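Asker: Structure file coords_3.cif, mmCIF, C-alpha atoms, is pasted below:
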```cif
data_run
loop_
_atom_site.label_atom_id
_atom_site.label_comp_id
_atom_site.auth_asym_id
_atom_site.auth_seq_id
_atom_site.Cartn_x
_atom_site.Cartn_y
_atom_site.Cartn_z
CA MET B 30 -78.40 -37.12 -3.34
CA ALA B 31 -76.10 -40.14 -3.44
CA GLU B 32 -72.50 -39.00 -3.78
CA GLU B 33 -71.60 -41.94 -6.02
CA ASN B 34 -74.16 -40.73 -8.60
CA LEU B 35 -72.65 -37.26 -8.88
CA LYS B 36 -70.69 -36.38 -12.00
CA THR B 37 -68.62 -33.32 -12.84
CA CYS B 38 -69.91 -31.33 -15.81
CA THR B 39 -68.49 -28.12 -17.23
CA PHE B 40 -70.50 -25.23 -18.60
CA ARG B 41 -70.06 -21.90 -20.35
CA ILE B 42 -72.51 -19.05 -20.74
CA LEU B 43 -73.10 -17.71 -24.25
CA ARG B 44 -73.31 -13.92 -24.38
CA TYR B 45 -74.64 -11.53 -26.98
CA VAL B 46 -72.34 -8.47 -27.12
CA PRO B 47 -73.87 -5.82 -29.41
CA ASN B 48 -71.35 -3.10 -28.52
CA LEU B 49 -67.78 -4.13 -27.74
CA LEU B 50 -66.68 -0.57 -26.96
CA ARG B 51 -69.26 -0.19 -24.20
CA ASP B 52 -68.61 -3.69 -22.83
CA GLU B 53 -72.34 -4.48 -22.74
CA TRP B 54 -73.66 -8.00 -23.00
CA MET B 55 -76.72 -10.14 -22.45
CA ASN B 56 -76.71 -13.84 -21.54
CA ILE B 57 -78.55 -15.77 -24.24
CA GLY B 58 -77.67 -19.44 -23.66
CA VAL B 59 -75.86 -22.19 -21.79
CA LEU B 60 -73.51 -24.87 -23.15
CA LEU B 61 -72.84 -27.81 -20.83
CA ALA B 62 -70.53 -30.80 -21.38
CA ASP B 63 -70.76 -34.06 -19.41
CA PRO B 64 -67.78 -36.30 -18.49
CA GLY B 65 -68.46 -38.50 -21.55
CA GLY B 66 -67.92 -35.54 -23.84
CA GLN B 67 -71.55 -34.97 -24.83
CA LEU B 68 -72.59 -31.37 -25.30
CA TYR B 69 -75.96 -30.03 -24.15
CA ALA B 70 -77.14 -26.59 -25.22
CA GLN B 71 -80.08 -24.32 -24.50
CA LEU B 72 -80.52 -20.89 -26.05
CA LEU B 73 -83.25 -18.29 -26.10
CA GLN B 74 -86.05 -19.51 -28.35
CA ASP B 75 -89.38 -17.94 -27.41
CA GLU B 76 -90.75 -14.83 -29.13
CA ALA B 77 -90.94 -13.15 -25.73
CA ASP B 78 -87.20 -13.79 -25.28
CA PHE B 79 -86.33 -12.20 -28.63
CA ALA B 80 -88.65 -9.27 -27.90
CA ARG B 81 -86.67 -8.69 -24.70
CA VAL B 82 -83.41 -8.72 -26.71
CA ARG B 83 -84.87 -6.09 -29.06
CA ARG B 84 -85.98 -3.91 -26.16
CA LEU B 85 -82.48 -3.91 -24.70
CA HIS B 86 -80.69 -3.73 -28.06
CA PRO B 87 -82.96 -2.43 -30.87
CA ASP B 88 -80.34 -3.20 -33.54
CA ALA B 89 -79.87 -6.83 -32.47
CA ASP B 90 -79.66 -9.29 -35.37
CA ILE B 91 -82.37 -11.77 -34.32
CA THR B 92 -81.87 -13.77 -37.54
CA VAL B 93 -78.32 -14.59 -36.44
CA LEU B 94 -79.51 -15.67 -32.99
CA ARG B 95 -82.18 -17.94 -34.49
CA ALA B 96 -79.64 -19.49 -36.89
CA LEU B 97 -77.22 -20.06 -34.03
CA ALA B 98 -79.86 -21.95 -32.03
CA ALA B 99 -80.63 -24.17 -35.04
CA ASP B 100 -76.93 -24.81 -35.70
CA LEU B 101 -76.25 -25.80 -32.09
CA GLN B 102 -79.26 -28.11 -32.13
CA GLU B 103 -77.74 -30.00 -35.06
CA ARG B 104 -74.24 -30.17 -33.55
CA ALA B 105 -75.01 -30.87 -29.89
CA GLY B 106 -75.70 -34.39 -28.72
CA ARG B 107 -72.84 -36.08 -30.57
CA PRO B 108 -71.12 -38.28 -27.95
CA GLY B 109 -67.46 -37.47 -27.30
CA GLU B 110 -67.33 -34.34 -29.43
CA ALA B 111 -68.02 -31.62 -26.87
CA ALA B 112 -64.39 -30.44 -26.58
CA ALA B 113 -63.93 -30.18 -30.35
CA LEU B 114 -67.24 -28.41 -30.82
CA LEU B 115 -66.51 -25.86 -28.09
CA ALA B 116 -63.00 -25.21 -29.42
CA GLY B 117 -64.35 -24.66 -32.91
CA PHE B 118 -67.16 -22.55 -31.53
CA ASP B 119 -64.67 -20.24 -29.82
CA GLU B 120 -62.83 -19.74 -33.12
CA THR B 121 -65.86 -19.14 -35.32
CA LEU B 122 -68.02 -16.92 -33.11
CA SER B 123 -68.50 -13.38 -34.36
CA ASN B 124 -67.48 -10.41 -32.22
CA ALA B 125 -71.10 -10.05 -31.15
CA LEU B 126 -71.16 -13.54 -29.61
CA GLN B 127 -68.81 -14.60 -26.83
CA LEU B 128 -68.46 -17.59 -24.51
CA GLY B 129 -67.95 -16.89 -20.82
CA PRO B 130 -65.23 -18.67 -18.81
CA GLN B 131 -65.58 -22.40 -18.26
CA LYS B 132 -66.92 -23.46 -14.86
CA ALA B 133 -67.59 -26.83 -13.25
CA VAL B 134 -70.70 -28.15 -11.52
CA LEU B 135 -71.61 -31.42 -9.78
CA THR B 136 -74.90 -33.00 -10.83
CA THR B 137 -76.70 -36.31 -11.21
CA ASN B 138 -78.59 -35.23 -14.35
CA ALA B 139 -76.94 -33.11 -17.06
CA GLU B 140 -80.23 -32.08 -18.70
CA ALA B 141 -81.74 -31.04 -15.37
CA GLU B 142 -78.60 -29.04 -14.55
CA LEU B 143 -78.75 -27.33 -17.95
CA ALA B 144 -82.36 -26.30 -17.25
CA ARG B 145 -81.37 -24.95 -13.82
CA LEU B 146 -78.43 -22.96 -15.21
CA PHE B 147 -80.58 -21.54 -17.99
CA HIS B 148 -83.17 -20.45 -15.45
CA ASP B 149 -80.60 -18.93 -13.07
CA GLN B 150 -78.32 -17.22 -15.58
CA VAL B 151 -80.31 -16.57 -18.76
CA GLU B 152 -84.04 -16.28 -18.08
CA PRO B 153 -85.09 -12.80 -16.91
CA THR B 154 -85.88 -12.27 -13.26
CA VAL B 155 -89.48 -11.21 -12.77
CA TYR B 156 -90.01 -8.39 -10.28
CA ARG B 157 -93.32 -6.94 -9.12
CA SER B 158 -93.46 -3.84 -6.96
CA ALA B 159 -95.65 -3.85 -3.88
CA GLY B 160 -99.22 -2.94 -4.72
CA ALA B 161 -98.74 -3.40 -8.47
CA ALA B 162 -101.52 -5.12 -10.37
CA GLU B 163 -101.00 -8.84 -10.89
CA ARG B 164 -100.00 -9.62 -14.48
CA GLU B 165 -100.76 -12.80 -16.34
CA PRO B 166 -97.70 -15.09 -16.19
CA ASN B 167 -95.74 -15.44 -19.41
CA ARG B 168 -94.35 -18.74 -20.66
CA ALA B 169 -91.04 -18.37 -18.85
CA VAL B 170 -92.82 -17.89 -15.51
CA ILE B 171 -95.10 -20.89 -16.07
CA ARG B 172 -92.16 -23.07 -17.14
CA ARG B 173 -90.14 -22.03 -14.08
CA GLN B 174 -93.00 -22.86 -11.71
CA ALA B 175 -93.65 -26.16 -13.49
CA ARG B 176 -89.95 -27.01 -13.24
CA GLU B 177 -90.01 -26.41 -9.48
CA ILE B 178 -93.13 -28.55 -8.98
CA LEU B 179 -91.62 -31.42 -10.97
CA ARG B 180 -88.35 -31.14 -9.02
CA ARG B 181 -90.25 -31.13 -5.74
CA ASN B 182 -91.90 -34.38 -6.80
CA HIS B 183 -88.46 -35.97 -7.44
CA LEU B 184 -88.94 -36.33 -11.19
CA ASP B 185 -85.60 -34.83 -12.32
CA SER B 186 -83.97 -38.20 -12.91
CA SER B 187 -86.94 -39.47 -14.94
CA LEU B 188 -87.40 -36.50 -17.26
CA ARG B 189 -85.69 -35.06 -20.29
CA PHE B 190 -85.43 -31.30 -20.50
CA SER B 191 -85.76 -28.97 -23.50
CA VAL B 192 -86.52 -31.83 -25.90
CA HIS B 193 -85.70 -31.43 -29.60
CA VAL B 194 -88.52 -32.29 -32.03
CA ASP B 195 -86.77 -31.95 -35.41
CA GLU B 196 -86.62 -35.74 -35.83
CA PHE B 197 -90.42 -35.60 -36.16
CA THR B 198 -90.90 -32.24 -37.91
CA SER B 199 -87.98 -31.19 -40.13
CA PRO B 200 -84.20 -30.83 -39.73
CA GLY B 201 -83.22 -27.58 -38.08
CA ASP B 202 -86.57 -26.98 -36.37
CA PRO B 203 -85.52 -24.94 -33.30
CA PHE B 204 -88.70 -25.66 -31.32
CA ARG B 205 -88.21 -27.61 -28.08
CA LEU B 206 -90.69 -29.14 -25.69
CA ASP B 207 -90.06 -28.23 -22.06
CA PHE B 208 -90.09 -31.75 -20.58
CA GLY B 209 -90.33 -35.30 -21.87
CA TRP B 210 -90.39 -38.88 -20.61
CA ARG B 211 -90.70 -42.42 -21.92
CA ASN B 212 -92.34 -45.37 -20.24
CA GLY B 213 -93.63 -47.62 -23.00
CA VAL B 214 -94.92 -44.51 -24.81
CA ARG B 215 -93.43 -41.07 -25.25
CA GLY B 216 -94.83 -38.24 -23.16
CA TYR B 217 -94.28 -34.51 -23.34
CA LEU B 218 -95.18 -31.55 -21.14
CA HIS B 219 -95.01 -27.96 -22.37
CA SER B 220 -95.80 -24.60 -20.78
CA VAL B 221 -98.43 -22.54 -22.60
CA PRO B 222 -99.94 -19.25 -21.34
CA LEU B 223 -103.68 -19.03 -21.98
CA ALA B 224 -103.79 -15.26 -21.74
CA ARG B 225 -100.85 -14.41 -23.97
CA ASP B 226 -99.33 -15.73 -27.22
CA ALA B 227 -101.79 -18.17 -28.81
CA GLY B 228 -99.08 -18.96 -31.35
CA GLN B 229 -97.36 -21.18 -28.77
CA ALA B 230 -100.54 -23.29 -28.57
CA LYS B 231 -100.62 -23.59 -32.36
CA VAL B 232 -96.99 -24.72 -32.49
CA LEU B 233 -97.66 -27.31 -29.79
CA ALA B 234 -100.68 -28.65 -31.70
CA PHE B 235 -98.64 -28.89 -34.92
CA THR B 236 -95.82 -30.63 -33.06
CA ALA B 237 -98.21 -33.12 -31.43
CA ASP B 238 -99.56 -34.09 -34.85
CA ALA B 239 -96.04 -34.48 -36.27
CA VAL B 240 -94.91 -36.69 -33.38
CA ARG B 241 -98.04 -38.84 -33.49
CA ALA B 242 -97.59 -39.45 -37.20
CA ARG B 243 -94.75 -41.75 -36.11
CA GLU B 244 -95.65 -42.35 -32.46
CA PRO B 245 -99.48 -42.61 -32.42
CA GLU B 246 -99.71 -43.19 -28.66
CA ALA B 247 -97.55 -40.21 -27.66
CA GLU B 248 -99.00 -38.19 -24.79
CA PHE B 249 -99.06 -34.39 -24.71
CA VAL B 250 -99.76 -32.17 -21.71
CA ALA B 251 -100.02 -28.37 -21.73
CA VAL B 252 -99.36 -26.63 -18.41
CA THR B 253 -101.26 -23.35 -18.17
CA GLU B 254 -101.39 -20.54 -15.61
CA GLY B 255 -104.97 -21.46 -14.69
CA SER B 256 -108.16 -23.07 -15.91
CA PRO B 257 -109.96 -21.58 -18.95
CA GLN B 258 -112.40 -18.85 -17.97
CA SER B 259 -115.95 -18.99 -19.27
CA GLY B 260 -116.63 -16.23 -21.78
CA ASN B 261 -112.95 -15.58 -22.55
CA ARG B 262 -112.58 -16.04 -26.32
CA ARG B 263 -108.80 -16.52 -26.23
CA HIS B 264 -109.12 -19.18 -23.54
CA ALA B 265 -111.89 -20.88 -25.52
CA PHE B 266 -109.73 -20.91 -28.66
CA VAL B 267 -106.72 -22.45 -26.93
CA SER B 268 -108.71 -25.08 -24.99
CA GLY B 269 -110.67 -25.99 -28.16
CA LEU B 270 -107.41 -26.37 -30.07
CA PHE B 271 -106.00 -28.65 -27.39
CA ASP B 272 -109.16 -30.76 -27.35
CA ALA B 273 -109.01 -31.18 -31.13
CA HIS B 274 -105.38 -32.30 -31.00
CA ARG B 275 -105.69 -34.55 -27.91
CA ILE B 276 -103.53 -32.38 -25.67
CA GLU B 277 -104.37 -32.62 -21.98
CA MET B 278 -104.53 -29.25 -20.20
CA VAL B 279 -103.24 -29.07 -16.61
CA PRO B 280 -103.29 -25.74 -14.72
CA LEU B 281 -100.36 -25.02 -12.42
CA ALA B 282 -102.64 -25.54 -9.42
CA GLY B 283 -103.20 -29.14 -10.53
CA LEU B 284 -99.63 -29.95 -11.56
CA ASP B 285 -98.66 -31.40 -8.15
CA HIS B 286 -101.40 -34.03 -8.50
CA PHE B 287 -100.37 -34.77 -12.10
CA ALA B 288 -96.69 -35.03 -11.06
CA ARG B 289 -97.47 -37.54 -8.30
CA LYS B 290 -99.37 -39.74 -10.74
CA LEU B 291 -96.58 -39.44 -13.33
CA ARG B 292 -93.95 -40.38 -10.75
CA GLY B 293 -95.92 -43.55 -9.96
CA ARG B 294 -96.00 -44.47 -13.64
CA LEU B 295 -92.29 -43.87 -14.14
CA ALA B 296 -91.11 -45.58 -10.95
#
```
Could you take the file, read its structure, and then write that structure out as structure tokens?
Answerer:
Amino acid sequence: MAEENLKTCTFRILRYVPNLLRDEWMNIGVLLADPGGQLYAQLLQDEADFARVRRLHPDADITVLRALAADLQERAGRPGEAAALLAGFDETLSNALQLGPQKAVLTTNAEAELARLFHDQVEPTVYRSAGAAEREPNRAVIRRQAREILRRNHLDSSLRFSVHVDEFTSPGDPFRLDFGWRNGVRGYLHSVPLARDAGQAKVLAFTADAVRAREPEAEFVAVTEGSPQSGNRRHAFVSGLFDAHRIEMVPLAGLDHFARKLRGRLA
């Protein structure tokens, strides 16, 4: 990593605090500001994430958390306004939402650093006891493994992370694609578990259609935990949906090969 390319960014962790008296909290997002004053934000967004919040805090107001994600999406990305946004955010947050202390980090890519911080400090750690049956990976696990493969193939500087799509769908749409790039045409890569929530595949198909209405040549890739299994109706549904909407399916085992080809295209 060339030292002259490093820049100092600051970040704060957003916490959900359902019970002030018991001093309990749960990390739900990361806000990161670059030296130019641009704010980057990533909050919990998947149904599995909100289900985890409910398990830990059954009375959690998920509507508020969804609205907060949409509001930040609209406000983040305005050059030079990070300090003002964070100051106002501190003043307007409810008691149930708190920002952790500001910290600094050196990075060459603010979006890549945001993804790393979100993984390290917000996404749940997955543990499996010795001898326990192997469970199908959820979206967070697939995304984390995909992120590591892409990093290993030196694609951090060429990719965008947690890409907003509301410019193609409708204002306030909280959905984000995991990774994106542009080299003549737009390209997007998103993690989708075959064995779990088929709704994620539907949202990706809808998003692909919305993007291609304005960018007909846009490329879409779905990273899955494995190849579709013959005779599995859920797998057949998801793979058929992707075929119909021109979404390439790449299992994690084949992502290294895909990443090498993508790096050659983006070089």
Asker: Pick out the residues sitting within 7 Å of Arg292 (chain B), and hand them over as an mmCIF file with C-alpha atoms, in the coordinates of the input; count all atoms listed in the file, and ignore anything fewer than 4 positions along from it in its own chain.
Answerer:
```cif
data_model
loop_
_atom_site.group_PDB
_atom_site.id
_atom_site.type_symbol
_atom_site.label_atom_id
_atom_site.label_comp_id
_atom_site.auth_asym_id
_atom_site.auth_seq_id
_atom_site.Cartn_x
_atom_site.Cartn_y
_atom_site.Cartn_z
ATOM 1 C CA LEU B 184 -88.940 -36.330 -11.190
ATOM 2 C CA ALA B 288 -96.690 -35.030 -11.060
ATOM 3 C CA ALA B 296 -91.110 -45.580 -10.950
#
```
Asker: Just to confirm, what's the straight-line distance from CA of Leu68 (chain B) to CA of Phe147 (chain B) in Å (one decimal)?
Answerer: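 Pair CA of Leu68 (chain B) / CA of Phe147 (chain B) returns 14.6 Å.
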Asker: Restricting the calculation to all atoms listed in the file, which member of B:Asp88, B:Asp185, B:Asp195, B:Glu152 is positioned closest to Trp210 (chain B)?
Answerer: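 Under the stated criterion, the closest residue is B:Asp185.
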Asker: What is the CA of Leu115 (chain B)-CA of Leu188 (chain B) distance in Å, reported with one decimal?
Answerer: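 Spanning CA of Leu115 (chain B) to CA of Leu188 (chain B) is a straight-line distance of 25.8 Å.
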Asker: May I ask which of the residues B:Met55, B:Gln258, B:Thr198, B:Gly209 is the closest one to Ala239 (chain B), counting all atoms listed in the file?
Answerer: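 The closest residue to Ala239 (chain B) is B:Thr198.
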Asker: To one decimal in Å, tell me the separation between CA of Gly66 (chain B) and CA of Thr37 (chain B).
Answerer: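 If I compute the distance from CA of Gly66 (chain B) to CA of Thr37 (chain B), I get 11.2 Å.
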Asker: Contacts of Ile276 (chain B) at 8 Å or less, counting all atoms listed in the file, minus same-chain residues fewer than 3 places along, as a VMD selection string?
Answerer: chain B and resid 234 237 248 to 251 271 to 273
Asker: In terms of the shortest atom-to-atom distance over only C-alpha atoms, which of B:Ala230, B:Leu143, B:Leu295, B:Ala70 is closest to Ser268 (chain B)?
Answerer: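 Counting only C-alpha atoms, the residue closest to Ser268 (chain B) is B:Ala230.
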